[in-house]
>>> print(open('my_file_34.cif').read())   # mmCIF, C-alpha atoms
data_work
#
loop_
_atom_site.label_atom_id
_atom_site.label_comp_id
_atom_site.auth_asym_id
_atom_site.auth_seq_id
_atom_site.Cartn_x
_atom_site.Cartn_y
_atom_site.Cartn_z
CA MET B 12 122.17 0.22 -48.31
CA SER B 13 120.79 -1.69 -45.37
CA THR B 14 121.09 -5.19 -46.82
CA GLY B 15 121.23 -6.79 -43.36
CA LEU B 16 117.52 -6.20 -42.85
CA ASN B 17 115.08 -9.05 -43.16
CA ASP B 18 112.12 -9.01 -45.54
CA ASN B 19 109.58 -7.79 -43.00
CA GLU B 20 111.85 -4.96 -41.85
CA LEU B 21 112.40 -3.92 -45.45
CA ILE B 22 108.66 -3.97 -46.13
CA SER B 23 108.04 -1.77 -43.09
CA ARG B 24 110.57 0.69 -44.45
CA VAL B 25 108.96 0.69 -47.89
CA LEU B 26 105.53 1.22 -46.34
CA GLY B 27 107.04 4.02 -44.29
CA GLY B 28 108.06 5.83 -47.48
CA ASP B 29 111.59 4.52 -48.12
CA GLN B 30 111.07 3.44 -51.70
CA GLN B 31 114.75 2.49 -52.15
CA ALA B 32 114.34 -0.33 -49.64
CA TYR B 33 112.22 -2.03 -52.29
CA ALA B 34 115.28 -2.27 -54.54
CA ILE B 35 116.86 -4.61 -51.96
CA LEU B 36 113.79 -6.84 -52.05
CA ILE B 37 113.91 -6.88 -55.85
CA ASP B 38 117.59 -7.85 -55.82
CA ARG B 39 116.86 -10.55 -53.27
CA TYR B 40 114.06 -12.20 -55.25
CA LYS B 41 114.55 -11.25 -58.90
CA SER B 42 116.30 -14.52 -59.83
CA TYR B 43 113.60 -16.65 -58.21
CA VAL B 44 110.80 -14.67 -59.82
CA PHE B 45 112.54 -14.59 -63.21
CA THR B 46 113.23 -18.35 -63.13
CA LEU B 47 109.62 -19.11 -62.27
CA ALA B 48 108.36 -16.75 -64.96
CA LEU B 49 110.70 -18.37 -67.46
CA ARG B 50 109.22 -21.78 -66.63
CA PHE B 51 105.87 -20.40 -67.81
CA THR B 52 106.85 -18.21 -70.73
CA LYS B 53 109.75 -20.34 -72.09
CA ASN B 54 111.15 -17.09 -73.44
CA ARG B 55 113.56 -14.67 -71.75
CA GLU B 56 112.04 -11.45 -73.11
CA ASP B 57 108.55 -12.36 -71.97
CA ALA B 58 109.89 -13.63 -68.63
CA GLU B 59 111.66 -10.30 -68.06
CA GLU B 60 108.50 -8.33 -68.87
CA VAL B 61 106.31 -10.54 -66.68
CA SER B 62 108.83 -10.41 -63.80
CA GLN B 63 108.85 -6.61 -63.91
CA ASP B 64 105.08 -6.61 -63.89
CA ILE B 65 105.11 -8.95 -60.86
CA PHE B 66 107.39 -6.64 -58.84
CA ILE B 67 105.27 -3.62 -59.78
CA LYS B 68 102.08 -5.42 -58.72
CA ALA B 69 103.72 -6.55 -55.49
CA TYR B 70 104.78 -2.96 -54.75
CA ARG B 71 101.26 -1.62 -55.34
CA ALA B 72 99.77 -4.31 -53.11
CA LEU B 73 102.48 -4.24 -50.44
CA ALA B 74 100.10 -2.84 -47.81
CA ASP B 75 98.09 -6.04 -48.15
CA PHE B 76 101.04 -8.18 -47.04
CA ARG B 77 100.24 -8.86 -43.41
CA GLY B 78 103.20 -11.08 -42.58
CA ALA B 79 101.04 -14.16 -41.98
CA SER B 80 103.24 -16.06 -44.44
CA LYS B 81 106.77 -15.51 -45.72
CA PHE B 82 107.15 -12.60 -48.14
CA SER B 83 108.49 -15.06 -50.73
CA THR B 84 105.32 -17.20 -50.49
CA TRP B 85 103.16 -14.10 -50.94
CA LEU B 86 105.32 -12.98 -53.87
CA TYR B 87 105.16 -16.40 -55.57
CA THR B 88 101.37 -16.25 -55.34
CA ILE B 89 101.54 -13.08 -57.43
CA VAL B 90 104.02 -14.84 -59.78
CA ASN B 91 101.59 -17.72 -60.23
CA THR B 92 98.53 -15.57 -60.95
CA THR B 93 100.40 -13.12 -63.18
CA CYS B 94 101.99 -15.89 -65.24
CA ILE B 95 98.68 -17.69 -65.69
CA THR B 96 97.06 -14.42 -66.80
CA PHE B 97 99.97 -13.82 -69.17
CA LEU B 98 99.56 -17.27 -70.71
CA ARG B 99 95.82 -16.75 -71.09
CA LYS B 100 96.42 -13.43 -72.78
CA LYS B 101 98.91 -14.99 -75.14
CA ARG B 102 96.39 -17.76 -75.77
CA LEU B 103 98.96 -20.37 -75.03
CA GLU B 104 97.80 -23.68 -73.74
CA VAL B 105 98.36 -24.31 -70.06
CA HIS B 106 98.92 -28.03 -70.16
CA SER B 107 97.51 -30.26 -67.51
CA LEU B 108 99.71 -32.71 -65.59
CA ASP B 109 98.55 -35.63 -67.64
CA ASN B 110 98.73 -33.98 -71.02
CA GLU B 111 101.35 -35.90 -72.89
CA LYS B 112 101.24 -33.55 -75.89
CA VAL B 113 103.49 -31.14 -74.09
CA PHE B 114 106.19 -33.76 -73.97
CA GLU B 115 105.83 -34.42 -77.66
CA VAL B 116 106.28 -30.71 -78.34
CA ALA B 117 109.20 -30.57 -75.94
CA ASP B 118 110.77 -33.65 -77.48
CA SER B 119 110.83 -31.93 -80.84
CA GLN B 120 113.09 -29.26 -79.31
CA ASP B 121 115.37 -31.90 -77.95
CA SER B 122 117.84 -32.38 -80.81
CA GLY B 123 119.08 -28.79 -80.55
CA LEU B 124 119.30 -28.95 -76.79
CA ARG B 125 121.20 -32.22 -76.91
CA ALA B 126 123.82 -30.89 -79.30
CA ASN B 127 124.25 -27.88 -77.12
CA LEU B 128 124.55 -30.02 -74.02
CA VAL B 129 127.30 -32.22 -75.38
CA GLU B 130 129.35 -29.08 -75.94
CA GLN B 131 128.68 -27.67 -72.51
CA LYS B 132 129.11 -30.92 -70.60
CA SER B 133 127.54 -29.12 -67.75
CA ARG B 134 125.45 -30.73 -65.05
CA ILE B 135 123.65 -27.47 -64.35
CA ALA B 136 122.80 -26.84 -67.97
CA MET B 137 121.55 -30.38 -68.33
CA VAL B 138 119.20 -30.13 -65.37
CA ASN B 139 117.92 -26.72 -66.46
CA GLN B 140 117.29 -28.03 -69.96
CA ALA B 141 115.55 -31.13 -68.63
CA ILE B 142 113.31 -28.88 -66.50
CA ALA B 143 112.61 -26.77 -69.60
CA LEU B 144 111.35 -29.93 -71.31
CA LEU B 145 108.72 -30.42 -68.62
CA SER B 146 105.21 -28.98 -68.64
CA THR B 147 104.68 -25.60 -66.98
CA ASP B 148 102.97 -27.19 -63.96
CA ASP B 149 105.79 -29.69 -63.39
CA ALA B 150 108.55 -27.13 -63.91
CA GLU B 151 106.87 -24.66 -61.54
CA ILE B 152 106.43 -27.11 -58.69
CA ILE B 153 110.02 -28.38 -59.01
CA THR B 154 111.37 -24.83 -59.06
CA LEU B 155 109.28 -23.83 -56.04
CA PHE B 156 110.40 -26.87 -54.06
CA TYR B 157 114.08 -27.06 -54.97
CA LYS B 158 115.07 -23.51 -55.85
CA ALA B 159 112.60 -21.24 -54.10
CA GLU B 160 112.92 -23.17 -50.84
CA GLN B 161 109.18 -23.42 -50.28
CA THR B 162 107.69 -26.12 -48.08
CA LEU B 163 104.77 -28.25 -49.28
CA GLU B 164 102.39 -26.12 -47.21
CA GLU B 165 103.79 -22.92 -48.70
CA ILE B 166 103.55 -24.30 -52.23
CA ALA B 167 99.95 -25.26 -51.45
CA LYS B 168 99.28 -21.62 -50.55
CA VAL B 169 100.95 -20.35 -53.71
CA LEU B 170 99.05 -22.73 -55.97
CA GLY B 171 95.81 -22.60 -53.99
CA ILE B 172 95.59 -26.38 -53.54
CA GLU B 173 95.88 -28.85 -50.67
CA SER B 174 99.31 -29.93 -49.36
CA ASN B 175 98.52 -33.54 -50.20
CA ALA B 176 97.82 -32.56 -53.80
CA VAL B 177 101.17 -30.74 -53.85
CA LYS B 178 102.86 -33.90 -52.62
CA VAL B 179 101.30 -35.96 -55.41
CA ARG B 180 102.08 -33.35 -58.06
CA LEU B 181 105.66 -33.03 -56.87
CA HIS B 182 106.10 -36.77 -56.97
CA ARG B 183 104.73 -36.95 -60.52
CA ALA B 184 106.88 -34.02 -61.63
CA ARG B 185 110.03 -35.63 -60.24
CA THR B 186 109.20 -38.92 -61.92
CA ARG B 187 108.73 -37.12 -65.23
CA LEU B 188 111.95 -35.19 -64.79
CA LYS B 189 113.81 -38.41 -64.04
CA ASP B 190 112.30 -40.00 -67.16
CA LYS B 191 113.27 -36.98 -69.24
CA MET B 192 116.84 -37.12 -68.00
CA GLN B 193 117.06 -40.86 -68.58
CA LYS B 194 115.51 -40.58 -72.03
CA HIS B 195 117.40 -37.61 -73.37
CA PHE B 196 120.50 -37.19 -71.28
CA ALA B 197 121.37 -40.72 -70.15
CA ALA B 198 124.87 -40.61 -71.65
CA GLU B 199 125.59 -37.20 -70.16
CA VAL B 200 124.37 -38.29 -66.74
CA ASN B 201 126.74 -41.25 -66.88
CA ASP B 202 129.62 -38.96 -67.94
CA LEU B 203 128.94 -36.58 -65.11
CA THR B 204 128.49 -39.11 -62.32
CA MET G 20 104.41 -50.86 -61.54
CA SER G 21 102.22 -49.80 -58.62
CA GLU G 22 104.66 -51.47 -56.23
CA GLN G 23 107.49 -49.58 -57.94
CA LEU G 24 105.53 -46.36 -57.47
CA THR G 25 105.03 -47.07 -53.81
CA ILE G 26 108.74 -47.69 -53.41
CA GLU G 27 109.49 -44.39 -55.17
CA GLU G 28 106.93 -42.46 -53.14
CA ARG G 29 108.25 -43.85 -49.90
CA LEU G 30 111.83 -43.19 -50.91
CA TRP G 31 111.08 -39.61 -51.97
CA GLU G 32 109.50 -38.97 -48.57
CA TYR G 33 112.56 -40.50 -46.96
CA ILE G 34 114.93 -38.33 -49.05
CA ASP G 35 112.85 -35.19 -48.38
CA GLY G 36 112.98 -35.94 -44.66
CA MET G 37 109.20 -36.21 -44.42
CA SER G 38 108.99 -39.80 -43.23
CA THR G 39 108.08 -40.62 -39.66
CA PRO G 40 110.92 -41.98 -37.48
CA GLU G 41 109.36 -45.47 -37.65
CA GLU G 42 109.15 -45.31 -41.44
CA ARG G 43 112.76 -44.11 -41.61
CA THR G 44 113.91 -47.10 -39.61
CA VAL G 45 111.97 -49.47 -41.89
CA ILE G 46 113.40 -47.84 -45.04
CA ASP G 47 116.93 -47.83 -43.58
CA ARG G 48 116.60 -51.58 -43.12
CA LEU G 49 115.12 -52.11 -46.58
CA ILE G 50 117.93 -50.14 -48.24
CA GLU G 51 120.48 -52.21 -46.37
CA ALA G 52 118.91 -55.58 -47.04
CA ASP G 53 117.12 -55.29 -50.40
CA ALA G 54 119.16 -54.73 -53.57
CA ALA G 55 116.14 -53.34 -55.49
CA TRP G 56 115.50 -50.75 -52.79
CA ARG G 57 119.21 -49.88 -52.67
CA ALA G 58 119.36 -49.38 -56.44
CA LYS G 59 116.21 -47.25 -56.49
CA TYR G 60 117.47 -45.19 -53.57
CA SER G 61 120.78 -44.37 -55.23
CA GLU G 62 118.94 -43.55 -58.48
CA LEU G 63 116.57 -41.12 -56.75
CA LEU G 64 119.38 -39.64 -54.70
CA GLU G 65 121.22 -38.89 -57.92
CA VAL G 66 118.14 -37.14 -59.36
CA GLN G 67 117.78 -35.19 -56.11
CA GLN G 68 121.40 -34.01 -56.28
CA LEU G 69 121.01 -33.04 -59.91
CA MET G 70 117.92 -30.99 -59.09
CA LEU G 71 119.67 -29.27 -56.24
CA SER G 72 122.55 -28.42 -58.54
CA SER G 73 120.30 -26.63 -61.05
CA GLU G 74 120.84 -22.89 -61.11
CA LEU G 75 118.51 -19.94 -61.05
CA GLU G 76 118.18 -17.89 -64.22
CA GLU G 77 119.27 -14.26 -64.03
CA PRO G 78 117.30 -11.39 -65.55
CA SER G 79 119.03 -8.50 -67.33
CA MET G 80 121.48 -6.24 -65.48
CA ARG G 81 119.04 -3.34 -65.66
CA PHE G 82 116.16 -5.29 -64.16
CA THR G 83 116.08 -3.65 -60.70
CA LYS G 84 116.60 -0.19 -62.21
CA ASN G 85 113.75 -0.72 -64.66
CA VAL G 86 111.34 -1.71 -61.90
CA MET G 87 112.45 1.15 -59.66
CA GLU G 88 111.93 3.63 -62.51
CA GLU G 89 108.44 2.24 -63.10
CA ILE G 90 107.41 2.51 -59.46
CA ALA G 91 109.06 5.90 -58.87
CA LEU G 92 105.80 7.76 -59.46
CA MET G 93 103.52 5.12 -58.03
CA HIS G 94 101.85 4.99 -54.67
CA ILE G 95 101.27 1.89 -52.63
CA ALA G 96 97.55 1.12 -52.70
CA PRO G 97 95.87 1.23 -49.30
CA ALA G 98 95.35 -2.18 -47.71
CA THR G 99 92.15 -3.81 -48.90
CA LYS G 100 90.71 -4.01 -45.39
CA THR G 101 90.91 -0.23 -45.02
CA TYR G 102 88.70 0.58 -47.99
CA ILE G 103 86.29 -2.31 -47.73
CA ASN G 104 84.16 -0.91 -44.95
CA LYS G 105 82.48 -3.61 -42.91
CA LYS G 106 79.59 -1.25 -42.11
CA ILE G 107 78.73 -1.03 -45.80
CA ILE G 108 78.79 -4.81 -46.15
CA TRP G 109 76.53 -5.10 -43.10
CA GLY G 110 74.25 -2.40 -44.53
CA ILE G 111 73.88 -4.30 -47.81
CA THR G 112 73.25 -7.55 -45.91
CA ILE G 113 70.56 -5.92 -43.76
CA PHE G 114 69.03 -4.39 -46.89
CA PHE G 115 68.62 -7.77 -48.59
CA ILE G 116 67.51 -9.57 -45.45
CA THR G 117 64.85 -6.87 -44.85
CA MET G 118 63.65 -7.30 -48.43
CA ILE G 119 63.41 -11.08 -48.13
CA ILE G 120 61.61 -10.87 -44.77
CA GLY G 121 59.28 -8.20 -46.18
CA PHE G 122 58.31 -10.37 -49.14
CA LEU G 123 57.81 -13.38 -46.89
CA VAL G 124 55.61 -11.45 -44.45
CA TYR G 125 53.61 -10.03 -47.32
CA GLY G 126 53.26 -13.44 -48.98
CA ILE G 127 52.18 -15.14 -45.76
CA GLY G 128 49.75 -12.26 -45.11
CA GLN G 129 48.04 -12.97 -48.42
CA VAL G 130 47.36 -16.63 -47.60
CA LYS G 131 43.80 -17.43 -46.56
CA TRP G 132 44.18 -19.84 -43.68
CA THR G 133 40.53 -20.90 -43.48
CA SER G 134 39.81 -24.19 -45.15
CA SER G 135 36.57 -25.00 -46.90
CA GLY G 136 36.81 -28.59 -45.71
CA ASP G 137 37.39 -29.87 -49.19
CA ALA G 138 40.62 -31.91 -49.15
CA LYS G 139 41.11 -31.48 -52.85
CA PHE G 140 43.54 -28.64 -53.35
CA THR G 141 43.85 -27.43 -56.90
CA ILE G 142 45.52 -24.30 -58.15
CA ASP G 143 44.42 -22.67 -61.34
CA VAL G 144 47.24 -20.32 -62.27
CA SER G 145 45.12 -18.46 -64.76
CA ASN G 146 42.78 -17.42 -61.94
CA ILE G 147 45.51 -15.80 -59.85
CA ASP G 148 45.35 -12.05 -60.04
CA PHE G 149 48.98 -10.91 -59.88
CA SER G 150 48.03 -7.28 -60.29
CA VAL G 151 46.62 -7.31 -56.74
CA MET G 152 50.05 -8.35 -55.38
CA PHE G 153 51.95 -5.64 -57.19
CA ASN G 154 49.35 -2.96 -56.91
CA ASN G 155 49.25 -2.74 -53.20
CA THR G 156 49.93 0.46 -51.29
CA TYR G 157 51.89 -1.31 -48.56
CA LEU G 158 54.09 -3.10 -51.08
CA ASN G 159 54.77 0.12 -52.97
CA ALA G 160 55.70 1.87 -49.74
CA PHE G 161 57.99 -1.02 -48.80
CA MET G 162 59.70 -0.98 -52.22
CA MET G 163 60.12 2.78 -52.04
CA MET G 164 61.68 2.53 -48.60
CA ASN G 165 64.11 -0.12 -49.82
CA MET G 166 65.07 1.95 -52.85
CA ILE G 167 65.75 5.00 -50.69
CA LEU G 168 67.80 2.86 -48.31
CA GLY G 169 69.74 1.38 -51.26
CA LEU G 170 70.46 4.81 -52.76
CA PHE G 171 71.52 6.11 -49.35
CA LEU G 172 73.99 3.24 -48.88
CA LEU G 173 75.37 3.66 -52.42
CA ASP G 174 75.83 7.39 -51.82
CA ARG G 175 77.66 6.77 -48.55
CA TYR G 176 79.94 4.22 -50.25
CA LEU G 177 80.81 6.53 -53.14
CA ALA G 178 81.34 9.51 -50.80
CA LYS G 179 83.81 7.50 -48.71
CA LYS G 180 85.65 6.31 -51.80
CA ARG G 181 85.91 9.90 -53.08
CA LYS G 182 87.17 11.08 -49.71
CA LYS G 183 89.86 8.38 -49.66
CA MET G 184 91.03 9.33 -53.14
CA HIS G 185 91.30 12.99 -52.11
CA GLU G 186 93.31 12.02 -49.04
CA GLU G 187 95.73 9.93 -51.15
CA ALA G 188 96.21 12.74 -53.64
#
>>> encode(input="my_file_34.cif", output="structure tokens")
Amino acid sequence: MSTGLNDNELISRVLGGDQQAYAILIDRYKSYVFTLALRFTKNREDAEEVSQDIFIKAYRALADFRGASKFSTWLYTIVNTTCITFLRKKRLEVHSLDNEKVFEVADSQDSGLRANLVEQKSRIAMVNQAIALLSTDDAEIITLFYKAEQTLEEIAKVLGIESNAVKVRLHRARTRLKDKMQKHFAAEVNDLT
Amino acid sequence: MSEQLTIEERLWEYIDGMSTPEERTVIDRLIEADAAWRAKYSELLEVQQLMLSSELEEPSMRFTKNVMEEIALMHIAPATKTYINKKIIWGITIFFITMIIGFLVYGIGQVKWTSSGDAKFTIDVSNIDFSVMFNNTYLNAFMMMNMILGLFLLDRYLAKKRKKMHEEA
């Protein structure tokens, strides 16, 4: 398999009829897409189903990718819209940035997570669990910025908002994540650092 | 609190490498001289490192295979710009503009421009005979022409869509 090819070269091959080249793109982005989907669905089975749906949609619409942005940015736009549609279908509440109820709900899950964390003593697990305690909006923006390597401008494209709004939302999300870690995992943070 | 927020915002920009060179110099100095800034900086840096250390979640082992099996019988949809014909959009635009202009011309044509000299201008809606407006030969002809044009454009659009589908198949 030609794994040395960049995204645009792979897309050209897929558009030219080499369907197997799409498998390389899936392997390249499946973890990013799955992680983002998981931030929305909070459930691995649903995240897997939604992620598959995202890659299928992206394949069908591949001819519309004109290379004006990175393939990943274009793909995350599909992730965002598909996940929002999924949540609407499931009639789950998409919590706003200032909705504190989500934290109350998340806090109720905390005792189990905390017990688990003490056993694992893992920095990675702690951060992932702290992100899981955040609202969907906060978790998504943090994942896009830190894990999906998207710039503020690219995140703005994905979310369909202004870069300045992304900056503000990212700042708020980080503050909330910091508060979550201090509130729930303070002892573990001290042990790890 | 607001001052604290400003410190955090400025420090996050500094950590993200988004500050201007001048701002960086100022913050460098503040971190060096001010204990509160230094403490906040190390706290945020710790959060930053923790976030960078978080890992991506992995889907099931069969994930790629499942997607590839799903798309095996699928075709990539043609690019949107190829099936949204600009000529059709222009045709529809011209159709509506012609209708609006037609109505305006007709409406203006119905106005009696001569004034009786009486400044008092009163309209009695009950005295307006609407049947005259919609029972006019010219208006009927105009409406008929627009309908034919509309049907013609719709037929062209559907014929092109059908042709595209045949080509794909």
>>> closest_residue(input="my_file_34.cif", among="B:Ala176, B:Val138, B:Ala32, B:Ala69", to="chain G", atoms="all atoms listed in the file")
B:Val138
>>> interface_residues(input="my_file_34.cif", of="chain G", to="chain B", cutoff="10 Å", atoms="all atoms listed in the file", output="PyMOL selection string")
chain G and resi 24+27-28+31-32+62-63+65-67+69-79+82-87+89-91+93-101
>>> residues_around(input="my_file_34.cif", residues="range 171-180 of chain G", least_positions_apart="4", cutoff="10 Å", atoms="only C-alpha atoms", output="count of residues only")
15
>>> closest_residue(input="my_file_34.cif", among="B:Phe51, B:Leu144, B:Leu21, B:Phe82", to="Phe196 in chain B", atoms="all atoms listed in the file")
B:Leu144
>>> residues_around(input="my_file_34.cif", residues="Lys59 in chain G", least_positions_apart="4", cutoff="9 Å", atoms="all atoms listed in the file", output="list in words")
Ile26, Glu27, Leu30, Ile50, Ala54, Ala55, Leu63 and Leu64 of chain G
>>> residues_around(input="my_file_34.cif", residues="Gly171 in chain B", least_positions_apart="5", cutoff="12 Å", atoms="all atoms listed in the file", output="PyMOL selection string")
chain B and resi 84-85+87-89+91-92+163-166+176-177
>>> write_last_selection(input="my_file_34.cif", atoms="C-alpha atoms", output="CSV table (one decimal), keeping the file's coordinate frame")
chain,number,residue,atom,x,y,z
B,84,THR,CA,105.3,-17.2,-50.5
B,85,TRP,CA,103.2,-14.1,-50.9
B,87,TYR,CA,105.2,-16.4,-55.6
B,88,THR,CA,101.4,-16.2,-55.3
B,89,ILE,CA,101.5,-13.1,-57.4
B,91,ASN,CA,101.6,-17.7,-60.2
B,92,THR,CA,98.5,-15.6,-61.0
B,163,LEU,CA,104.8,-28.2,-49.3
B,164,GLU,CA,102.4,-26.1,-47.2
B,165,GLU,CA,103.8,-22.9,-48.7
B,166,ILE,CA,103.6,-24.3,-52.2
B,176,ALA,CA,97.8,-32.6,-53.8
B,177,VAL,CA,101.2,-30.7,-53.8
>>> atom_distance(input="my_file_34.cif", atom1="CA of Tyr157 in chain G", atom2="CA of Thr117 in chain G")
14.6 Å
>>> atom_distance(input="my_file_34.cif", atom1="CA of Gln129 in chain G", atom2="CA of Thr156 in chain G")
13.9 Å
>>> atom_distance(input="my_file_34.cif", atom1="CA of Gly121 in chain G", atom2="CA of Met162 in chain G")
9.4 Å
